[in-house]
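Structure first, commentary second.
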Amino acid sequence: MIPLSDRQIAAYFQRSFTAVDGLWFMKLEERADFETALQVDEAVWRIMPKIQARKLKELTGLTAGMDALRECFTTKLSIEDYAFDLASNADGFEISIADCPWVNLLVRSNRQHLADTIGRTICTAEHAVWASEFGDTIRFEFGERLCAGCPRCVLRFRETRPT
């Protein structure tokens with residue numbers, strides 16, 4: 001057996017994770033069409049964030065609320081090699097992403113022409129589910145998007161007040 005560092009093991013699994021996501025999408029697209037593949041991908045990304053959020057809650061002991069969401073979500077972004085900045089405000093927080101591994105993957109695979117459609121669909125679903133995992137009154141809003149040609153993605157998570 002080849003001895004690997006924790007960093008090497010993490011890189012192996014991260015590469016496998018991103019590769020399998022892209023491969024199954026392209027194979028489904030070949031057998032059906034882009035719209036079908038995108039619909040199935042969206043369904044998957046309405047479940048995957050539940051798994052990720054619940055695992056990070058378990059590992060950290062955090063349970064609910066804006067602070068728990070901020071800690072778990074920024075941990076996820078760090079693990080997945082996003083380059084981002086965080087700013088808190090009175091009703092939540094905003095994340096500005098300067099470098100997204102998923103957009104980079106689409107560019108490397110010469111599929112950047114699909115990035116806006118994929119990002120708008122998948123990221124909106126994924127981030128909304130992340131918000132919902134931490135409280136019924138937490139909402140996600142998209143600002144700018146890298147995949148739409150903007151210089152960054154802006155993700156806003158805010159607490160809504162019951163009326």
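Simple scheme: letters A, B, ... for chains in structure tokens order, numbers from 1 for residues in each chain, numbers from 1 for ligands in the order shown.
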
Counting only C-alpha atoms, which residues of region 48-121 of chain A fall within 9 Å of region 10-23 of chain A, and what is the closest atom pair for each with its distance in Å at one decimal, ordered by chain and rising number, as JSON lines?
```
{"residue": "A:Ile79", "atom": "CA", "partner": "A:Gln14", "partner_atom": "CA", "distance": 8.7}
{"residue": "A:Glu80", "atom": "CA", "partner": "A:Gln14", "partner_atom": "CA", "distance": 7.3}
{"residue": "A:Pro101", "atom": "CA", "partner": "A:Thr18", "partner_atom": "CA", "distance": 8.9}
{"residue": "A:Trp102", "atom": "CA", "partner": "A:Thr18", "partner_atom": "CA", "distance": 8.0}
{"residue": "A:Leu105", "atom": "CA", "partner": "A:Thr18", "partner_atom": "CA", "distance": 8.4}
{"residue": "A:Leu106", "atom": "CA", "partner": "A:Gly22", "partner_atom": "CA", "distance": 8.9}
```

Generate the output file for the selected residues, N, CA and C atoms, as a PDB file, in the first residue's frame.
```pdb
ATOM      1  N   ILE A  79     -13.523  23.294   2.193  1.00  0.00           N
ATOM      2  CA  ILE A  79     -13.196  21.907   1.847  1.00  0.00           C
ATOM      3  C   ILE A  79     -13.181  21.724   0.334  1.00  0.00           C
ATOM      4  N   GLU A  80     -14.119  22.376  -0.361  1.00  0.00           N
ATOM      5  CA  GLU A  80     -14.254  22.207  -1.809  1.00  0.00           C
ATOM      6  C   GLU A  80     -13.397  23.180  -2.615  1.00  0.00           C
ATOM      7  N   PRO A 101     -14.743  26.061  -8.114  1.00  0.00           N
ATOM      8  CA  PRO A 101     -14.222  24.855  -8.769  1.00  0.00           C
ATOM      9  C   PRO A 101     -15.176  24.289  -9.814  1.00  0.00           C
ATOM     10  N   TRP A 102     -16.478  24.494  -9.655  1.00  0.00           N
ATOM     11  CA  TRP A 102     -17.447  23.959 -10.622  1.00  0.00           C
ATOM     12  C   TRP A 102     -17.406  24.747 -11.921  1.00  0.00           C
ATOM     13  N   LEU A 105     -14.282  23.737 -13.680  1.00  0.00           N
ATOM     14  CA  LEU A 105     -14.437  22.427 -14.316  1.00  0.00           C
ATOM     15  C   LEU A 105     -15.168  22.548 -15.654  1.00  0.00           C
ATOM     16  N   LEU A 106     -16.211  23.370 -15.698  1.00  0.00           N
ATOM     17  CA  LEU A 106     -16.932  23.579 -16.956  1.00  0.00           C
ATOM     18  C   LEU A 106     -16.035  24.231 -18.010  1.00  0.00           C
TER      19      LEU A 106
END
```

May I have the residues within 7 Å of Ala53 (chain A) as a JSON list (two decimals) with C-alpha atoms, in the first residue's frame, using only C-alpha atoms and disregarding those fewer than 2 positions away in the same chain?
```json
[["chain", "number", "residue", "atom", "x", "y", "z"],
["A", 49, "PRO", "CA", -26.84, 19.60, 0.53],
["A", 50, "LYS", "CA", -29.04, 17.89, 3.14],
["A", 51, "ILE", "CA", -26.45, 15.13, 3.43],
["A", 55, "LYS", "CA", -22.89, 15.61, 8.40],
["A", 56, "LEU", "CA", -21.22, 18.93, 9.24],
["A", 57, "LYS", "CA", -23.78, 19.54, 11.98],
["A", 72, "CYS", "CA", -20.98, 24.90, 8.29],
["A", 130, "TRP", "CA", -28.51, 24.64, 2.74],
["A", 133, "GLU", "CA", -31.43, 22.90, 6.82]]
```

Checklist entry - Just asking: which residues within region 56-117 of chain A are strand (DSSP E or B) according to DSSP, as a list in words? => result Ala83, Phe84, Asp85, Leu86, Ala87, Ser88, Asn89, Gly92, Phe93, Glu94, Ile95, Ser96, Ile97, Ala98 and Asp99 of chain A

Can those selected residues be exported to a file as a CSV table (one decimal), in the first residue's frame so that it contains C-alpha atoms?
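So result_33.csv came out as:
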```
chain,number,residue,atom,x,y,z
A,83,ALA,CA,-11.9,31.2,-2.9
A,84,PHE,CA,-14.4,33.4,-1.0
A,85,ASP,CA,-14.9,36.3,1.4
A,86,LEU,CA,-17.5,36.5,4.1
A,87,ALA,CA,-19.3,39.6,5.4
A,88,SER,CA,-21.8,39.5,8.2
A,89,ASN,CA,-24.7,41.9,8.5
A,92,GLY,CA,-27.4,37.3,8.1
A,93,PHE,CA,-24.3,37.1,5.9
A,94,GLU,CA,-23.0,37.5,2.4
A,95,ILE,CA,-20.4,35.4,0.7
A,96,SER,CA,-18.5,36.7,-2.3
A,97,ILE,CA,-16.9,33.8,-4.4
A,98,ALA,CA,-14.0,34.8,-6.6
A,99,ASP,CA,-13.1,31.3,-7.7
```

Next on the checklist: Need to verify the contact set: Ile47 (chain A), 12 Å, only C-alpha atoms, exclusion of same-chain residues closer than 6 positions in sequence. Can you return it as a PyMOL selection string?
Outcome noted: chain A and resi 40-41+53-54+122+125-130+132-133

May I have the residues from that selection written out with N, CA and C atoms, as a PDB file, in the first residue's frame?
```
ATOM      1  N   VAL A  40     -32.532  16.095 -13.666  1.00  0.00           N
ATOM      2  CA  VAL A  40     -32.091  15.051 -12.742  1.00  0.00           C
ATOM      3  C   VAL A  40     -30.993  15.598 -11.829  1.00  0.00           C
ATOM      4  N   ASP A  41     -30.074  16.377 -12.389  1.00  0.00           N
ATOM      5  CA  ASP A  41     -29.005  16.977 -11.599  1.00  0.00           C
ATOM      6  C   ASP A  41     -29.590  17.890 -10.518  1.00  0.00           C
ATOM      7  N   ALA A  53     -24.924  19.130   4.917  1.00  0.00           N
ATOM      8  CA  ALA A  53     -25.228  19.972   6.076  1.00  0.00           C
ATOM      9  C   ALA A  53     -25.401  19.124   7.326  1.00  0.00           C
ATOM     10  N   ARG A  54     -26.118  18.035   7.200  1.00  0.00           N
ATOM     11  CA  ARG A  54     -26.362  17.187   8.370  1.00  0.00           C
ATOM     12  C   ARG A  54     -25.070  16.546   8.882  1.00  0.00           C
ATOM     13  N   ILE A 122     -28.670  24.763 -10.616  1.00  0.00           N
ATOM     14  CA  ILE A 122     -28.127  23.900  -9.569  1.00  0.00           C
ATOM     15  C   ILE A 122     -27.755  24.692  -8.320  1.00  0.00           C
ATOM     16  N   ALA A 125     -30.800  25.901  -6.306  1.00  0.00           N
ATOM     17  CA  ALA A 125     -31.405  24.803  -5.551  1.00  0.00           C
ATOM     18  C   ALA A 125     -30.525  24.401  -4.370  1.00  0.00           C
ATOM     19  N   GLU A 126     -29.249  24.203  -4.620  1.00  0.00           N
ATOM     20  CA  GLU A 126     -28.331  23.747  -3.573  1.00  0.00           C
ATOM     21  C   GLU A 126     -28.283  24.714  -2.391  1.00  0.00           C
ATOM     22  N   HIS A 127     -28.110  25.991  -2.671  1.00  0.00           N
ATOM     23  CA  HIS A 127     -27.941  26.963  -1.586  1.00  0.00           C
ATOM     24  C   HIS A 127     -29.243  27.193  -0.821  1.00  0.00           C
ATOM     25  N   ALA A 128     -30.369  27.113  -1.507  1.00  0.00           N
ATOM     26  CA  ALA A 128     -31.660  27.242  -0.818  1.00  0.00           C
ATOM     27  C   ALA A 128     -31.861  26.080   0.159  1.00  0.00           C
ATOM     28  N   VAL A 129     -31.449  24.890  -0.244  1.00  0.00           N
ATOM     29  CA  VAL A 129     -31.572  23.735   0.650  1.00  0.00           C
ATOM     30  C   VAL A 129     -30.645  23.902   1.845  1.00  0.00           C
ATOM     31  N   TRP A 130     -29.418  24.382   1.621  1.00  0.00           N
ATOM     32  CA  TRP A 130     -28.512  24.639   2.744  1.00  0.00           C
ATOM     33  C   TRP A 130     -29.194  25.565   3.745  1.00  0.00           C
ATOM     34  N   SER A 132     -32.378  26.107   4.273  1.00  0.00           N
ATOM     35  CA  SER A 132     -33.520  25.462   4.925  1.00  0.00           C
ATOM     36  C   SER A 132     -33.094  24.448   5.986  1.00  0.00           C
ATOM     37  N   GLU A 133     -31.912  23.873   5.843  1.00  0.00           N
ATOM     38  CA  GLU A 133     -31.426  22.901   6.822  1.00  0.00           C
ATOM     39  C   GLU A 133     -31.096  23.539   8.174  1.00  0.00           C
TER      40      GLU A 133
END
```

Next on the checklist: Need to verify the contact set: Gln39 (chain A), 12 Å, only C-alpha atoms, exclusion of same-chain residues closer than 2 positions in sequence. Can you return it as an NGL selection string?
Outcome noted: :A and (25 or 28-29 or 32-37 or 41-46 or 117-118 or 121-122 or 125)

Checklist entry - Any idea what's packed within 9 Å of Asp91 (chain A), counting only C-alpha atoms, ignoring anything in its chain fewer than 5 positions away? Could you give it as a PyMOL selection string? => result chain A and resi 66+157-160

Item to check | Straight-line distance linking CA of Val154 (chain A) with CA of Ser78 (chain A), stated in Å to one decimal | outcome: 16.0 Å

Next on the checklist: Just the number, please: distance in Å from CA of Phe134 (chain A) to CA of Arg70 (chain A), one decimal.
Outcome noted: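 One can read the CA of Phe134 (chain A) to CA of Arg70 (chain A) distance as 9.6 Å.
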
Next on the checklist: Give me, as a PyMOL selection string, the residues of region 38-89 of chain A that a backbone DSSP run labels alpha helix (DSSP H).
Outcome noted: chain A and resi 38-44+48-60+66-79

Item to check | Selected residue of minimal separation from Cys153 (chain A) among A:Gly61, A:Met1, A:Thr75, A:Asp116, counting only C-alpha atoms | outcome: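 Checking each of A:Gly61, A:Met1, A:Thr75, A:Asp116 against Cys153 (chain A), counting only C-alpha atoms, the winner is A:Asp116.
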
Next on the checklist: As an exercise, work out the distance from CA of Gly143 (chain A) to CA of Leu155 (chain A) in Å and give it to one decimal place.
Outcome noted: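 Separation between CA of Gly143 (chain A) and CA of Leu155 (chain A): 6.1 Å.
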
Checklist entry - Pick from A:Glu30, A:Thr60, A:Leu38, A:Leu146: nearest to Val107 (chain A), with only C-alpha atoms counted? => result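 Checking each of A:Glu30, A:Thr60, A:Leu38, A:Leu146 against Val107 (chain A), counting only C-alpha atoms, the winner is A:Leu146.
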